[in-house]
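Undergrad: As input, take target15.txt (compact mmCIF, C-alpha atoms and all ligand atoms):
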```txt
# COMPACT_ATOMS: atom_id res chain seq x y z
CA MET A 11 22.45 1.80 1.11
CA SER A 12 20.86 -1.48 0.23
CA GLY A 13 18.57 -4.22 1.54
CA LEU A 14 18.60 -7.99 1.91
CA TYR A 15 15.39 -10.02 1.68
CA ILE A 16 15.33 -13.63 2.90
CA HIS A 17 12.42 -15.77 1.79
CA ILE A 18 11.16 -18.54 4.08
CA PRO A 19 8.52 -20.42 2.09
CA TYR A 20 7.15 -22.60 4.89
CA CYS A 21 3.88 -22.39 6.82
CA LYS A 22 2.53 -24.78 9.42
CA GLN A 23 -0.93 -24.56 7.83
CA LYS A 24 -2.56 -22.94 4.84
CA CYS A 25 -4.92 -20.07 5.73
CA ILE A 26 -8.11 -20.10 3.65
CA TYR A 27 -7.51 -16.71 1.99
CA CYS A 28 -3.80 -16.94 1.16
CA ASP A 29 -2.29 -17.79 -2.20
CA PHE A 30 1.33 -16.92 -1.36
CA TYR A 31 3.63 -19.73 -2.45
CA SER A 32 4.46 -21.79 0.62
CA SER A 33 4.84 -25.39 1.66
CA ALA A 34 3.25 -27.00 4.71
CA THR A 35 5.61 -29.99 4.58
CA ARG A 36 8.98 -29.34 6.10
CA GLU A 37 11.10 -32.32 5.02
CA SER A 38 12.94 -30.14 2.52
CA LYS A 39 13.79 -27.48 5.12
CA GLU A 40 17.31 -28.61 5.98
CA SER A 41 18.43 -28.67 2.36
CA TYR A 42 16.61 -25.36 1.72
CA ILE A 43 18.53 -23.59 4.51
CA LYS A 44 21.79 -25.03 3.17
CA ALA A 45 20.96 -23.69 -0.31
CA LEU A 46 19.91 -20.32 1.13
CA THR A 47 23.17 -19.83 3.01
CA LYS A 48 25.07 -20.88 -0.11
CA GLU A 49 23.20 -18.31 -2.19
CA ILE A 50 24.08 -15.65 0.41
CA SER A 51 27.78 -16.36 -0.03
CA LEU A 52 27.61 -16.71 -3.84
CA ARG A 53 25.91 -13.34 -4.18
CA LYS A 54 27.82 -11.30 -1.62
CA ASP A 55 29.00 -8.92 -4.37
CA TYR A 56 25.59 -8.35 -5.95
CA LEU A 57 25.17 -5.12 -3.98
CA ASP A 58 27.92 -2.53 -3.92
CA LYS A 59 26.65 -0.67 -0.85
CA PRO A 60 26.49 -1.76 2.80
CA LEU A 61 23.25 -3.25 4.08
CA ARG A 62 20.85 -0.88 5.77
CA THR A 63 17.97 -3.33 6.13
CA ILE A 64 17.35 -7.07 6.35
CA TYR A 65 13.86 -8.56 6.02
CA PHE A 66 12.82 -12.15 6.79
CA GLY A 67 9.55 -12.70 4.90
CA GLY A 68 7.38 -15.58 3.89
CA GLY A 69 5.54 -17.84 4.13
CA THR A 70 6.36 -17.82 7.79
CA PRO A 71 9.90 -17.09 9.05
CA SER A 72 8.86 -18.06 12.58
CA THR A 73 8.71 -21.71 11.40
CA LEU A 74 12.54 -21.51 11.55
CA SER A 75 14.25 -23.06 14.55
CA LYS A 76 16.70 -21.01 16.59
CA GLU A 77 19.56 -23.02 15.06
CA GLU A 78 18.36 -22.30 11.52
CA ILE A 79 18.12 -18.57 12.24
CA SER A 80 21.68 -18.65 13.63
CA LEU A 81 22.94 -20.42 10.50
CA ILE A 82 21.40 -17.70 8.33
CA PHE A 83 22.81 -14.86 10.45
CA ASN A 84 26.27 -16.46 10.44
CA ALA A 85 26.16 -16.58 6.63
CA ILE A 86 25.06 -12.93 6.50
CA LYS A 87 27.79 -11.81 8.94
CA ASP A 88 30.45 -13.74 7.01
CA ASN A 89 29.53 -12.11 3.73
CA PHE A 90 28.18 -8.62 4.37
CA ASP A 91 29.23 -5.41 6.07
CA LEU A 92 26.66 -4.88 8.82
CA SER A 93 28.23 -1.76 10.32
CA LEU A 94 25.43 0.46 8.91
CA LEU A 95 22.56 -1.95 9.50
CA GLU A 96 19.54 -0.07 10.88
CA GLU A 97 16.54 -2.35 10.63
CA THR A 98 16.10 -6.13 10.67
CA THR A 99 12.49 -7.27 10.37
CA PHE A 100 11.20 -10.74 11.16
CA GLU A 101 7.67 -11.78 10.09
CA ALA A 102 6.08 -14.08 12.64
CA ASN A 103 2.83 -15.83 13.43
CA PRO A 104 1.77 -15.22 17.05
CA GLU A 105 1.49 -18.93 17.98
CA HIS A 106 5.23 -19.44 17.38
CA LEU A 107 6.50 -16.69 19.66
CA ASN A 108 6.83 -18.28 23.08
CA LYS A 109 9.00 -16.65 25.71
CA ASP A 110 12.07 -18.71 24.87
CA TYR A 111 11.83 -17.94 21.13
CA LEU A 112 11.34 -14.21 21.80
CA ASP A 113 14.38 -14.18 24.12
CA PHE A 114 16.38 -15.73 21.31
CA LEU A 115 15.12 -13.28 18.67
CA ILE A 116 16.07 -10.25 20.76
CA SER A 117 19.62 -11.63 21.06
CA THR A 118 20.03 -11.51 17.25
CA PRO A 119 20.18 -8.40 15.03
CA ILE A 120 16.36 -8.55 14.70
CA ASN A 121 14.92 -5.23 15.94
CA ARG A 122 11.52 -5.14 14.25
CA LEU A 123 8.73 -7.72 14.48
CA SER A 124 5.94 -7.96 11.96
CA LEU A 125 3.15 -10.01 13.51
CA GLY A 126 0.36 -11.67 11.58
CA THR A 127 -2.40 -10.86 14.05
CA GLN A 128 -5.02 -10.51 11.22
CA SER A 129 -7.96 -9.88 13.57
CA PHE A 130 -8.63 -9.55 17.30
CA ASP A 131 -11.90 -11.46 16.97
CA ASP A 132 -11.65 -15.19 17.69
CA ASN A 133 -14.53 -16.08 15.36
CA ASP A 134 -12.75 -14.35 12.47
CA LEU A 135 -9.50 -16.14 13.29
CA LYS A 136 -11.28 -19.48 13.30
CA THR A 137 -13.02 -18.79 9.99
CA LEU A 138 -9.73 -17.78 8.39
CA GLY A 139 -7.99 -20.97 9.53
CA ARG A 140 -5.57 -19.19 11.87
CA LYS A 141 -3.95 -21.19 14.64
CA HIS A 142 -3.80 -18.47 17.30
CA SER A 143 -6.35 -16.67 19.42
CA SER A 144 -6.73 -12.96 19.86
CA LEU A 145 -5.46 -13.28 23.44
CA GLU A 146 -2.31 -15.04 22.24
CA SER A 147 -1.57 -12.16 19.85
CA ILE A 148 -2.02 -9.65 22.67
CA GLU A 149 0.19 -11.61 25.06
CA VAL A 150 2.92 -11.99 22.45
CA ILE A 151 2.94 -8.25 21.77
CA ARG A 152 3.15 -7.48 25.51
CA ASN A 153 5.92 -10.06 26.07
CA ALA A 154 7.89 -8.77 23.11
CA GLN A 155 7.62 -5.20 24.42
CA LYS A 156 8.67 -6.31 27.91
CA ILE A 157 11.91 -7.78 26.64
CA GLY A 158 12.80 -4.75 24.55
CA PHE A 159 11.18 -4.85 21.10
CA TYR A 160 10.20 -1.23 20.58
CA ASN A 161 9.33 -1.48 16.87
CA ILE A 162 6.37 -3.76 16.33
CA SER A 163 4.12 -3.92 13.30
CA ILE A 164 0.90 -5.91 13.07
CA ASP A 165 -1.02 -7.15 10.03
CA LEU A 166 -4.78 -6.67 10.17
CA MET A 167 -7.33 -7.46 7.50
CA PHE A 168 -10.63 -5.70 6.89
CA ASN A 169 -13.58 -6.61 4.65
CA LEU A 170 -13.46 -10.04 6.25
CA PRO A 171 -16.50 -12.32 5.85
CA SER A 172 -19.49 -10.80 7.68
CA MET A 173 -17.33 -8.01 9.10
CA SER A 174 -19.36 -4.97 10.14
CA LEU A 175 -17.91 -1.49 10.49
CA GLU A 176 -18.37 -1.84 14.26
CA LYS A 177 -16.27 -4.99 14.32
CA TRP A 178 -13.52 -3.35 12.24
CA LYS A 179 -13.56 -0.35 14.60
CA ALA A 180 -13.13 -2.72 17.57
CA ASN A 181 -10.03 -4.20 15.90
CA LEU A 182 -8.51 -0.77 15.39
CA PHE A 183 -9.29 0.30 18.98
CA LYS A 184 -7.60 -2.85 20.25
CA ALA A 185 -4.54 -2.14 18.09
CA MET A 186 -4.27 1.36 19.60
CA ASP A 187 -4.40 -0.09 23.14
CA LEU A 188 -1.31 -2.12 22.40
CA ASN A 189 1.10 0.72 21.81
CA ILE A 190 2.45 -0.69 18.57
CA GLN A 191 4.34 1.41 16.03
CA HIS A 192 3.11 0.21 12.65
CA ILE A 193 0.01 -1.34 11.09
CA SER A 194 -0.37 -3.01 7.71
CA ALA A 195 -4.13 -3.01 7.09
CA TYR A 196 -5.04 -5.12 4.08
CA SER A 197 -8.39 -5.24 2.37
CA LEU A 198 -9.21 -8.94 2.04
CA SER A 199 -8.61 -10.00 -1.52
CA VAL A 200 -10.45 -13.08 -2.71
CA GLU A 201 -7.83 -15.00 -4.67
CA GLU A 202 -8.96 -17.48 -7.28
CA GLY A 203 -8.74 -21.11 -6.25
CA THR A 204 -8.37 -20.47 -2.51
CA MET A 205 -10.71 -22.12 -0.02
CA LEU A 206 -12.12 -18.66 0.69
CA ASP A 207 -13.04 -18.29 -2.97
CA LYS A 208 -14.82 -21.66 -2.93
CA LEU A 209 -16.74 -20.90 0.27
CA ILE A 210 -17.90 -17.55 -1.13
CA SER A 211 -18.99 -19.18 -4.41
CA LYS A 212 -21.01 -21.72 -2.43
CA LYS A 213 -22.52 -18.84 -0.44
CA ARG A 214 -21.21 -20.28 2.81
CA LEU A 215 -19.37 -17.03 3.48
CA ASN A 216 -20.31 -13.47 2.54
CA ILE A 217 -18.01 -10.53 2.21
CA PRO A 218 -19.11 -6.94 2.83
CA SER A 219 -20.64 -4.92 -0.03
CA GLU A 220 -18.51 -2.40 -1.97
CA THR A 221 -20.01 0.49 0.02
CA GLU A 222 -19.20 -1.26 3.30
CA GLN A 223 -15.67 -2.02 2.09
CA LEU A 224 -15.08 1.63 1.30
CA GLU A 225 -16.47 2.66 4.68
CA GLN A 226 -14.03 0.36 6.48
CA PHE A 227 -11.08 1.64 4.46
CA ASN A 228 -12.01 5.28 5.02
CA TYR A 229 -12.58 4.67 8.70
CA ALA A 230 -9.09 3.16 9.06
CA ILE A 231 -7.46 6.17 7.39
CA ASP A 232 -9.32 8.72 9.54
CA PHE A 233 -9.04 6.81 12.79
CA LEU A 234 -5.35 5.95 12.45
CA GLU A 235 -4.41 9.45 11.29
CA SER A 236 -6.27 10.93 14.26
CA ASN A 237 -4.17 8.64 16.48
CA GLY A 238 -0.92 9.99 15.05
CA PHE A 239 -0.31 7.31 12.42
CA GLU A 240 0.87 8.46 9.03
CA HIS A 241 -0.89 6.78 6.09
CA TYR A 242 2.29 6.52 4.01
CA GLU A 243 1.29 3.78 1.58
CA THR A 244 -2.10 2.39 0.52
CA SER A 245 -2.01 -0.42 3.12
CA ASN A 246 0.56 0.94 5.59
CA TYR A 247 0.36 3.25 8.60
CA ALA A 248 3.26 4.26 10.83
CA ALA A 249 3.76 6.19 14.06
CA LYS A 250 6.22 9.05 13.57
CA GLY A 251 9.66 7.69 12.67
CA PHE A 252 8.47 4.10 12.26
CA ARG A 253 7.87 3.63 8.54
CA SER A 254 9.22 0.29 7.33
CA LEU A 255 12.66 1.24 6.03
CA HIS A 256 12.97 -1.97 4.06
CA ASN A 257 9.68 -1.61 2.20
CA SER A 258 10.25 2.11 1.69
CA ASN A 259 13.49 1.18 -0.05
CA TYR A 260 11.57 -1.03 -2.50
CA TRP A 261 9.39 1.94 -3.24
CA ASN A 262 12.25 4.33 -3.96
CA ASN A 263 14.36 2.03 -6.13
CA THR A 264 17.12 1.30 -3.61
CA PRO A 265 19.00 -1.84 -4.72
CA TYR A 266 18.16 -5.04 -2.86
CA LEU A 267 19.21 -8.64 -2.90
CA GLY A 268 16.55 -11.31 -2.44
CA VAL A 269 17.63 -14.83 -1.54
CA GLY A 270 15.56 -18.00 -1.44
CA ALA A 271 12.97 -19.60 -3.71
CA SER A 272 10.93 -17.01 -5.66
CA ALA A 273 12.86 -14.04 -4.16
CA HIS A 274 13.41 -10.99 -6.38
CA SER A 275 16.54 -8.81 -6.61
CA PHE A 276 17.26 -5.42 -8.14
CA ASN A 277 20.68 -3.81 -8.56
CA GLY A 278 19.73 -0.55 -10.26
CA LYS A 279 19.83 -2.00 -13.78
CA GLU A 280 18.52 -5.52 -13.85
CA ARG A 281 15.78 -7.41 -12.09
CA ARG A 282 16.36 -11.02 -11.15
CA TRP A 283 13.94 -13.57 -9.74
CA ASN A 284 14.70 -16.99 -8.35
CA ILE A 285 12.70 -20.03 -9.41
CA SER A 286 9.70 -20.70 -7.19
CA SER A 287 10.15 -24.41 -6.62
CA ILE A 288 11.75 -25.11 -3.23
CA ASP A 289 13.07 -28.48 -4.44
CA ASN A 290 14.60 -27.24 -7.71
CA TYR A 291 16.09 -24.18 -6.02
CA SER A 292 17.72 -26.33 -3.33
CA SER A 293 18.95 -29.09 -5.60
CA ILE A 294 20.57 -26.71 -8.11
CA LEU A 295 22.40 -24.76 -5.41
CA ASN A 296 23.39 -27.77 -3.30
CA SER A 297 24.69 -29.83 -6.23
CA ASN A 298 26.91 -27.08 -7.72
CA SER A 299 24.97 -27.57 -10.94
CA LYS A 300 25.69 -25.09 -13.75
CA GLU A 301 21.95 -24.76 -14.28
CA ASP A 302 20.53 -21.31 -13.47
CA TYR A 303 18.28 -21.07 -10.42
CA PHE A 304 17.02 -17.65 -11.52
CA GLU A 305 15.82 -15.63 -14.49
CA LYS A 306 16.66 -12.02 -15.16
CA GLU A 307 15.85 -9.06 -17.36
CA ILE A 308 17.56 -5.77 -18.07
CA LEU A 309 15.08 -3.02 -17.37
CA SER A 310 14.13 -0.67 -20.23
CA GLU A 311 13.18 2.99 -19.84
CA LYS A 312 9.54 1.93 -20.15
CA ASP A 313 9.97 -0.62 -17.31
CA PHE A 314 11.52 2.04 -15.04
CA TYR A 315 8.77 4.52 -15.93
CA ASN A 316 5.98 2.02 -15.26
CA GLU A 317 7.53 1.05 -11.95
CA TYR A 318 7.83 4.66 -10.93
CA ILE A 319 4.09 5.07 -11.61
CA MET A 320 3.00 1.83 -9.90
CA VAL A 321 4.95 2.65 -6.75
CA GLY A 322 4.40 6.42 -6.63
CA ILE A 323 0.66 6.11 -6.98
CA ARG A 324 0.48 4.03 -3.76
CA THR A 325 2.73 6.18 -1.60
CA LYS A 326 2.37 9.46 0.25
CA GLU A 327 5.32 10.81 -1.76
CA GLY A 328 3.13 10.61 -4.87
CA LEU A 329 4.22 11.34 -8.43
CA ASP A 330 6.66 14.16 -9.12
CA LYS A 331 6.31 15.98 -12.45
CA ASN A 332 9.88 17.32 -12.18
CA PHE A 333 11.27 13.85 -11.53
CA VAL A 334 9.49 12.51 -14.61
CA GLU A 335 10.81 15.38 -16.75
CA ARG A 336 14.37 14.97 -15.43
CA ASN A 337 14.57 11.19 -15.69
CA PHE A 338 12.50 10.13 -18.68
CA SER A 339 12.45 11.11 -22.34
CA GLU A 340 9.92 13.55 -23.76
CA THR A 341 7.52 10.86 -24.99
CA PHE A 342 6.99 9.74 -21.38
CA SER A 343 6.81 13.18 -19.78
CA LYS A 344 4.34 14.51 -22.39
CA GLU A 345 2.02 11.54 -21.86
CA PHE A 346 2.44 11.88 -18.07
CA ASN A 347 1.45 15.57 -18.11
CA LYS A 348 -1.56 14.91 -20.33
CA THR A 349 -2.93 12.08 -18.16
CA ILE A 350 -2.29 13.92 -14.88
CA GLU A 351 -4.23 16.91 -16.25
CA SER A 352 -7.16 14.66 -17.07
CA LEU A 353 -7.01 13.00 -13.61
CA LEU A 354 -6.93 16.46 -11.98
CA ASN A 355 -10.04 17.49 -13.91
CA ARG A 356 -11.84 14.39 -12.65
CA ASN A 357 -10.73 15.03 -9.03
CA LEU A 358 -8.84 11.75 -8.94
CA VAL A 359 -5.48 13.32 -8.15
CA GLU A 360 -4.60 16.50 -6.28
CA LYS A 361 -1.53 18.68 -6.25
CA SER A 362 -0.14 18.02 -2.78
CA SER A 363 2.74 20.47 -3.22
CA GLN A 364 4.79 22.01 -6.02
CA ASN A 365 4.44 19.58 -8.94
CA ILE A 366 3.74 16.58 -6.71
CA PHE A 367 0.52 14.67 -7.37
CA THR A 368 -1.20 12.25 -5.01
CA LEU A 369 -4.47 10.37 -5.18
CA THR A 370 -7.57 12.00 -3.74
CA ARG A 371 -9.42 10.01 -1.08
CA LYS A 372 -12.06 8.76 -3.50
CA ALA A 373 -9.31 7.53 -5.84
CA ILE A 374 -7.24 5.54 -3.33
CA GLU A 375 -9.56 2.51 -3.55
CA ILE A 376 -9.22 2.47 -7.34
CA SER A 377 -5.47 3.10 -7.45
CA ASN A 378 -4.92 0.13 -9.78
CA GLN A 379 -7.29 1.57 -12.39
CA ILE A 380 -5.56 4.93 -12.19
CA ALA A 381 -2.14 3.35 -12.53
CA LEU A 382 -3.38 1.68 -15.72
CA GLU A 383 -4.26 5.09 -17.17
CA LEU A 384 -0.79 6.39 -16.39
CA ILE A 385 1.50 3.54 -17.36
CA ALA A 386 3.13 3.44 -20.79
C1 LIG B 1 2.97 -13.13 3.23
S1 LIG B 1 1.84 -13.02 4.51
C2 LIG B 1 3.00 -13.56 5.73
C3 LIG B 1 2.62 -13.35 7.15
C4 LIG B 1 2.58 -14.52 8.09
N1 LIG B 1 2.80 -15.79 7.49
C5 LIG B 1 1.21 -14.56 8.74
O1 LIG B 1 0.35 -15.26 8.23
O2 LIG B 1 1.04 -13.89 9.73
C6 LIG B 1 1.71 -11.28 4.77
C7 LIG B 1 0.33 -10.75 5.03
O3 LIG B 1 -0.41 -10.67 3.84
C8 LIG B 1 -1.78 -10.57 4.18
N2 LIG B 1 -2.54 -11.37 3.22
C9 LIG B 1 -2.26 -12.60 2.77
N3 LIG B 1 -3.21 -13.00 1.90
C10 LIG B 1 -4.11 -11.98 1.80
C11 LIG B 1 -5.32 -11.77 1.08
N4 LIG B 1 -5.82 -12.72 0.27
N5 LIG B 1 -5.96 -10.58 1.21
C12 LIG B 1 -5.48 -9.63 2.02
N6 LIG B 1 -4.35 -9.77 2.73
C13 LIG B 1 -3.67 -10.93 2.63
C14 LIG B 1 -1.95 -11.09 5.61
O4 LIG B 1 -2.32 -10.04 6.45
C15 LIG B 1 -0.54 -11.58 5.94
O5 LIG B 1 -0.22 -11.38 7.27
S1 LIG B 2 -1.22 -15.96 5.72
FE1 LIG B 2 0.82 -16.47 6.45
S2 LIG B 2 0.59 -18.42 7.58
FE2 LIG B 2 -1.26 -18.16 6.36
S3 LIG B 2 -0.80 -19.32 4.51
FE3 LIG B 2 -0.29 -17.16 4.07
S4 LIG B 2 1.88 -16.96 4.53
FE4 LIG B 2 1.15 -18.90 5.46
```
If you took the structure in this file and wrote it as structure tokens, what would it be?
TA:
Amino acid sequence: MSGLYIHIPYCKQKCIYCDFYSSATRESKESYIKALTKEISLRKDYLDKPLRTIYFGGGTPSTLSKEEISLIFNAIKDNFDLSLLEETTFEANPEHLNKDYLDFLISTPINRLSLGTQSFDDNDLKTLGRKHSSLESIEVIRNAQKIGFYNISIDLMFNLPSMSLEKWKANLFKAMDLNIQHISAYSLSVEEGTMLDKLISKKRLNIPSETEQLEQFNYAIDFLESNGFEHYETSNYAAKGFRSLHNSNYWNNTPYLGVGASAHSFNGKERRWNISSIDNYSSILNSNSKEDYFEKEILSEKDFYNEYIMVGIRTKEGLDKNFVERNFSETFSKEFNKTIESLLNRNLVEKSSQNIFTLTRKAIEISNQIALELIA
């Protein structure tokens, strides 16, 4: 099985915390969609297995018009076998999902919505530069459910400026009222150069202390698990049977094709990434230029090993000693065993079952540091 990722690098506005590459001007959109559909047809043989998942990510896919979405689906249908397609996710901002747009989305292969709700507190939304209210998010979720979307994920952020534990709890309670199937709960990361970064430096915004941050994270794990949500990846929680298939495939090395500016692809041997510039990407593809619109590298054993560590450390599946011994040479497995032993002694990992190691609760927040100890 394999996956297709479609990158839509447009946003109607820039949120103060976000440093994802996206453009707020949309003049280039027509030529971008043309280039995107061309790339879909040029790369139809990149994957040798039928598609199991499709993921529209961004930026903001819900900046696409109905016609643009149809053009993309027509290109996909013309070039790929969709007979085994199980999950098609569409990332959307609540303010774009009016009744008419939702009715259109449900008529396409899209069967999973990922909504950028971020917070159910209107003051937070205003501070973050979001263009929707909490009520709009709630109405969109209810409308989507009414017309038949039964697999809805929401993005929430914690450790927001001035966020108390009580306020974070209120967000999680609200989420549970909505009968959604999946939550991505991200700890706010202050990215250099963003407006958020500047406002914090000028002391116009304050983020919670490290102790408060940890409290919010731990609360989310306990609360969501007690409500039947599986904490299957550092930032992801799913009701039974509703893990994101597409993202889970990234985490278990299933081949995927990524189309669009800055999209990455992996076919089991090589990794490829498209150039980030919307204009250069579109002009190379639309002009039939011989110039490459991507770079690539063949992955070495060390690359595969490091990826296995980086992914495994974040997921519930953890790191498997037997897998390491079976798939990597002795240099890697010896080093792996030595470091795992040391992490065990410091109570940073635990043996969750026969030869499988996962992070202990106190280690989840410092998963990046632990990954650094393990990688080659
Ligand atoms: C690529 S964004 C696209 C989602 C969509 N455009 C939206 O804003 O709803 C995916 C998610 O990443 C999260 N995110 C973006 N920047 C972040 C940051 N600095 N810290 C934590 N989470 C962030 C937000 O929750 C966002 O919904
Ligand atoms: S959070 Fe979403 S809408 Fe806001 S700038 Fe980032 S990608 Fe765009």
Undergrad: Around ligand LIG 1 (chain B), with edges along x, y and z and 8 Å added on all six sides, what centre and edge lengths do you get, in Å to one decimal, as lines of an AutoDock Vina configuration file?
TA:
```
center_x = -1.5
center_y = -12.7
center_z = 5.0
size_x = 25.0
size_y = 22.2
size_z = 25.5
```
Undergrad: Of the candidates A:Glu222, A:Glu149, A:Glu201, A:Asp113, which one gets nearest to ligand LIG 2 (chain B) if we count all atoms listed in the file?
TA: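 Under the stated criterion, the closest residue is A:Glu201.
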Undergrad: Measuring between only C-alpha atoms and all ligand atoms, which one of A:Lys109, A:Lys300, A:Lys141, A:Lys48 shows the shortest distance to ligand LIG 2 (chain B)?
TA: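 Closest candidate: A:Lys141.
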Undergrad: For CA of Gly251 in chain A and CA of Ser144 in chain A, determine how far apart the two atoms are, in Å to one decimal place.
TA: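 Separation between CA of Gly251 in chain A and CA of Ser144 in chain A: 27.3 Å.
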Undergrad: Once you count only C-alpha atoms, which residues end up no further than 12 Å from (-4.1, 14.5, -11.8) in the file's frame, shown as a ChimeraX atom specification?
TA: /A:323,328-331,346-362,365-370,373,380-381,383-384
Undergrad: Taking all atoms listed in the file into account, which residues have an atom no farther than 10 Å from ligand LIG 1 (chain B)? I'd like them as a PyMOL selection string.
TA: chain A and resi 17-32+66-73+100-105+124-129+140-141+164-170+194-202+204+206-207+245
